[in-house]
file protein06.cif (mmCIF, C-alpha atoms and all ligand atoms)
data_upload
loop_
_atom_site.group_PDB
_atom_site.id
_atom_site.type_symbol
_atom_site.label_atom_id
_atom_site.label_comp_id
_atom_site.auth_asym_id
_atom_site.auth_seq_id
_atom_site.Cartn_x
_atom_site.Cartn_y
_atom_site.Cartn_z
ATOM 1 C CA MET Z 1 138.207 78.976 107.345
ATOM 2 C CA HIS Z 2 139.379 75.446 106.587
ATOM 3 C CA GLU Z 3 141.224 75.244 109.904
ATOM 4 C CA LEU Z 4 137.862 74.631 111.575
ATOM 5 C CA GLY Z 5 137.177 71.437 109.626
ATOM 6 C CA LEU Z 6 140.703 70.298 110.350
ATOM 7 C CA CYS Z 7 140.356 71.036 114.062
ATOM 8 C CA GLU Z 8 137.004 69.254 114.213
ATOM 9 C CA ALA Z 9 138.698 66.153 112.824
ATOM 10 C CA ILE Z 10 141.525 66.470 115.354
ATOM 11 C CA VAL Z 11 139.177 67.072 118.290
ATOM 12 C CA HIS Z 12 137.118 64.058 117.197
ATOM 13 C CA ARG Z 13 140.221 61.863 117.392
ATOM 14 C CA VAL Z 14 141.238 63.390 120.735
ATOM 15 C CA GLU Z 15 137.784 62.696 122.170
ATOM 16 C CA GLU Z 16 137.871 59.093 120.957
ATOM 17 C CA ARG Z 17 141.072 58.511 122.892
ATOM 18 C CA ALA Z 18 140.332 60.683 125.910
ATOM 19 C CA GLY Z 19 136.916 59.357 126.827
ATOM 20 C CA ASP Z 20 135.946 61.252 129.990
ATOM 21 C CA ARG Z 21 139.476 62.302 130.919
ATOM 22 C CA PRO Z 22 140.018 66.058 130.724
ATOM 23 C CA VAL Z 23 142.773 66.940 128.273
ATOM 24 C CA ALA Z 24 145.528 69.404 129.234
ATOM 25 C CA ARG Z 25 147.483 69.586 125.999
ATOM 26 C CA VAL Z 26 147.559 68.137 122.522
ATOM 27 C CA ARG Z 27 150.358 68.319 120.011
ATOM 28 C CA VAL Z 28 149.527 68.171 116.322
ATOM 29 C CA ARG Z 29 151.949 67.908 113.407
ATOM 30 C CA VAL Z 30 150.594 69.525 110.265
ATOM 31 C CA GLY Z 31 152.364 69.645 106.929
ATOM 32 C CA ARG Z 32 152.786 73.057 105.282
ATOM 33 C CA LEU Z 33 150.724 71.842 102.326
ATOM 34 C CA HIS Z 34 147.625 72.156 104.511
ATOM 35 C CA HIS Z 35 148.249 75.940 104.701
ATOM 36 C CA VAL Z 36 147.276 76.154 108.331
ATOM 37 C CA HIS Z 37 147.656 79.516 110.015
ATOM 38 C CA PRO Z 38 148.615 79.222 113.684
ATOM 39 C CA GLU Z 39 146.186 81.919 114.856
ATOM 40 C CA ALA Z 40 143.254 80.491 112.923
ATOM 41 C CA PHE Z 41 144.234 77.048 114.151
ATOM 42 C CA GLU Z 42 144.136 78.150 117.770
ATOM 43 C CA GLN Z 43 140.750 79.844 117.393
ATOM 44 C CA SER Z 44 139.328 76.884 115.489
ATOM 45 C CA PHE Z 45 140.572 74.429 118.069
ATOM 46 C CA THR Z 46 138.835 76.392 120.824
ATOM 47 C CA ILE Z 47 135.565 76.340 118.846
ATOM 48 C CA ALA Z 48 135.849 72.654 117.918
ATOM 49 C CA ALA Z 49 136.768 71.552 121.449
ATOM 50 C CA ALA Z 50 134.052 73.550 123.248
ATOM 51 C CA GLY Z 51 131.888 71.420 125.507
ATOM 52 C CA GLY Z 52 134.136 68.345 125.284
ATOM 53 C CA PRO Z 53 137.058 66.875 127.257
ATOM 54 C CA ALA Z 54 139.551 69.014 125.304
ATOM 55 C CA GLU Z 55 137.712 72.242 126.084
ATOM 56 C CA ASP Z 56 140.532 73.733 128.208
ATOM 57 C CA ALA Z 57 143.386 72.030 126.398
ATOM 58 C CA VAL Z 58 146.328 73.866 124.898
ATOM 59 C CA ALA Z 59 146.748 72.937 121.247
ATOM 60 C CA GLU Z 60 150.353 72.932 120.146
ATOM 61 C CA LEU Z 61 150.797 73.187 116.399
ATOM 62 C CA VAL Z 62 153.985 71.865 114.818
ATOM 63 C CA LEU Z 63 154.298 72.934 111.192
ATOM 64 C CA VAL Z 64 156.196 70.447 109.069
ATOM 65 C CA PRO Z 65 158.058 71.769 106.018
ATOM 66 C CA VAL Z 66 157.456 70.293 102.591
ATOM 67 C CA VAL Z 67 160.247 67.938 101.566
ATOM 68 C CA ALA Z 68 160.647 66.247 98.196
ATOM 69 C CA ARG Z 69 163.278 63.691 97.265
ATOM 70 C CA CYS Z 70 164.704 63.421 93.784
ATOM 71 C CA PRO Z 71 165.100 59.820 92.585
ATOM 72 C CA ALA Z 72 167.451 60.962 89.790
ATOM 73 C CA CYS Z 73 170.149 62.618 91.928
ATOM 74 C CA GLY Z 74 169.062 61.819 95.494
ATOM 75 C CA ALA Z 75 168.844 65.457 96.590
ATOM 76 C CA GLU Z 76 166.170 66.634 98.993
ATOM 77 C CA THR Z 77 164.395 69.927 98.407
ATOM 78 C CA GLN Z 78 162.708 71.656 101.342
ATOM 79 C CA ALA Z 79 160.125 74.408 100.979
ATOM 80 C CA ASP Z 80 156.977 75.975 102.393
ATOM 81 C CA GLU Z 81 155.047 75.212 99.226
ATOM 82 C CA LEU Z 82 154.625 72.208 96.965
ATOM 83 C CA VAL Z 83 157.978 71.256 95.461
ATOM 84 C CA LEU Z 84 157.621 71.001 91.694
ATOM 85 C CA ALA Z 85 161.230 70.379 90.708
ATOM 86 C CA CYS Z 86 164.504 69.231 92.247
ATOM 87 C CA SER Z 87 166.548 72.175 93.477
ATOM 88 C CA ALA Z 88 169.786 70.363 92.597
ATOM 89 C CA CYS Z 89 169.217 68.988 89.074
ATOM 90 C CA GLY Z 90 165.863 70.469 88.019
ATOM 91 C CA SER Z 91 164.134 67.125 87.510
ATOM 92 C CA VAL Z 92 160.349 67.291 87.886
ATOM 93 C CA GLU Z 93 160.131 63.629 88.890
ATOM 94 C CA VAL Z 94 160.341 64.428 92.608
ATOM 95 C CA GLU Z 95 158.667 62.380 95.318
ATOM 96 C CA LEU Z 96 157.006 64.129 98.200
ATOM 97 C CA THR Z 97 158.341 62.741 101.493
ATOM 98 C CA ALA Z 98 156.918 65.268 103.971
ATOM 99 C CA GLY Z 99 154.549 68.204 104.078
ATOM 100 C CA ASP Z 100 151.098 66.654 103.740
ATOM 101 C CA GLU Z 101 150.918 65.001 107.146
ATOM 102 C CA LEU Z 102 148.224 65.559 109.687
ATOM 103 C CA THR Z 103 149.205 63.684 112.821
ATOM 104 C CA LEU Z 104 147.894 63.796 116.341
ATOM 105 C CA GLU Z 105 151.274 63.378 117.986
ATOM 106 C CA SER Z 106 150.436 63.363 121.679
ATOM 107 C CA ILE Z 107 147.731 63.951 124.239
ATOM 108 C CA GLU Z 108 148.433 64.993 127.828
ATOM 109 C CA TYR Z 109 145.714 64.631 130.401
ATOM 110 C CA VAL Z 110 144.975 66.795 133.401
ATOM 111 C CA ALA Z 111 146.641 65.126 136.380
HETATM 112 ZN ZN ZN W 201 167.672 65.996 91.391
#

call {"tool": "encode", "arguments": {"input": "protein06.cif", "output": "structure tokens"}}
result
Amino acid sequence: MHELGLCEAIVHRVEERAGDRPVARVRVRVGRLHHVHPEAFEQSFTIAAAGGPAEDAVAELVLVPVVARCPACGAETQADELVLACSACGSVEVELTAGDELTLESIEYVA
């Protein structure tokens, strides 16, 4: 379950920022290329956060679609998987512009 390793990395970053403050909610943006399953993510987050300041936090997962831009024709191709060719002209020289991110977008603390 690779979600666990991913959640451990996220929880580590949350704990660095939170210090002793209890965390109410975190929002994480994850590109589709990481193949994260929301259910596994939720379970993994609970395991990774156990015993720390994010123990009772709600983890909100935002899945980011894969987007590739074609330098030849300027078209953008959006997909759930790695884009191998431009959907407009068929060029394989596409540049990935989204889909591999892993961003801790926000942390809300318990008031
Ligand atoms: Zn193109």

call {"tool": "residues_near_point", "arguments": {"input": "protein06.cif", "point": "(158.6, 71.7, 105.7)", "cutoff": "9 Å", "atoms": "only C-alpha atoms", "output": "VMD selection string"}}
result
chain Z and resid 31 to 33 63 to 67 78 to 81 98 to 99

call {"tool": "residues_near_ligand", "arguments": {"input": "protein06.cif", "ligand": "ligand ZN 201 (chain W)", "cutoff": "7 Å", "atoms": "only C-alpha atoms and all ligand atoms", "output": "list of chain:residue names"}}
result
Z:Cys70, Z:Pro71, Z:Ala72, Z:Cys73, Z:Gly74, Z:Ala75, Z:Cys86, Z:Ser87, Z:Ala88, Z:Cys89, Z:Gly90, Z:Ser91

call {"tool": "closest_residue", "arguments": {"input": "protein06.cif", "among": "Z:Asp20, Z:Leu61, Z:Ile107, Z:Glu8", "to": "Z:Glu39", "atoms": "only C-alpha atoms"}}
result
Z:Leu61

call {"tool": "residues_around", "arguments": {"input": "protein06.cif", "residues": "Z:Gly19", "least_positions_apart": "3", "cutoff": "8 Å", "atoms": "all atoms listed in the file", "output": "PyMOL selection string"}}
result
chain Z and resi 15-16+53

call {"tool": "resolve_selection", "arguments": {"input": "protein06.cif", "expression": "the PyMOL selection byres (((chain Z and resi 109-111) around 8) and not hetatm)", "output": "list in words"}}
result
Arg21, Pro22, Val23, Ala24, Arg25, Ile107 and Glu108 of chain Z

call {"tool": "residues_around", "arguments": {"input": "protein06.cif", "residues": "Z:Ala48", "least_positions_apart": "5", "cutoff": "9 Å", "atoms": "all atoms listed in the file", "output": "list in words"}}
result
Leu4, Gly5, Cys7, Glu8, Ala9, Ile10, Val11, His12, Gln43 and Glu55 of chain Z

call {"tool": "atom_distance", "arguments": {"input": "protein06.cif", "atom1": "atom CA of Z:Val30", "atom2": "atom CA of Z:Leu102"}}
result
4.7 Å

call {"tool": "atom_distance", "arguments": {"input": "protein06.cif", "atom1": "atom CA of Z:Thr103", "atom2": "atom CA of Z:Ala85"}}
result
26.0 Å

call {"tool": "atom_distance", "arguments": {"input": "protein06.cif", "atom1": "atom CA of Z:Val14", "atom2": "atom CA of Z:His37"}}
result
20.4 Å

call {"tool": "axis_aligned_box", "arguments": {"input": "protein06.cif", "around": "stretch 81-96 of chain Z", "padding_each_side": "8 Å", "output": "lines of an AutoDock Vina configuration file"}}
result
center_x = 162.2
center_y = 68.8
center_z = 93.4
size_x = 31.2
size_y = 28.8
size_z = 27.7

call {"tool": "residues_near_point", "arguments": {"input": "protein06.cif", "point": "(153.8, 72.1, 121.0)", "cutoff": "9 Å", "atoms": "all atoms listed in the file", "output": "ChimeraX atom specification"}}
result
/Z:25-29,58-62

call {"tool": "closest_residue", "arguments": {"input": "protein06.cif", "among": "Z:Ala40, Z:Ala18, Z:Ile47, Z:Val83", "to": "Z:His2", "atoms": "all atoms listed in the file"}}
result
Z:Ala40

call {"tool": "closest_residue", "arguments": {"input": "protein06.cif", "among": "Z:His34, Z:Leu6, Z:Val92, Z:Leu82", "to": "Z:Ala49", "atoms": "only C-alpha atoms"}}
result
Z:Leu6
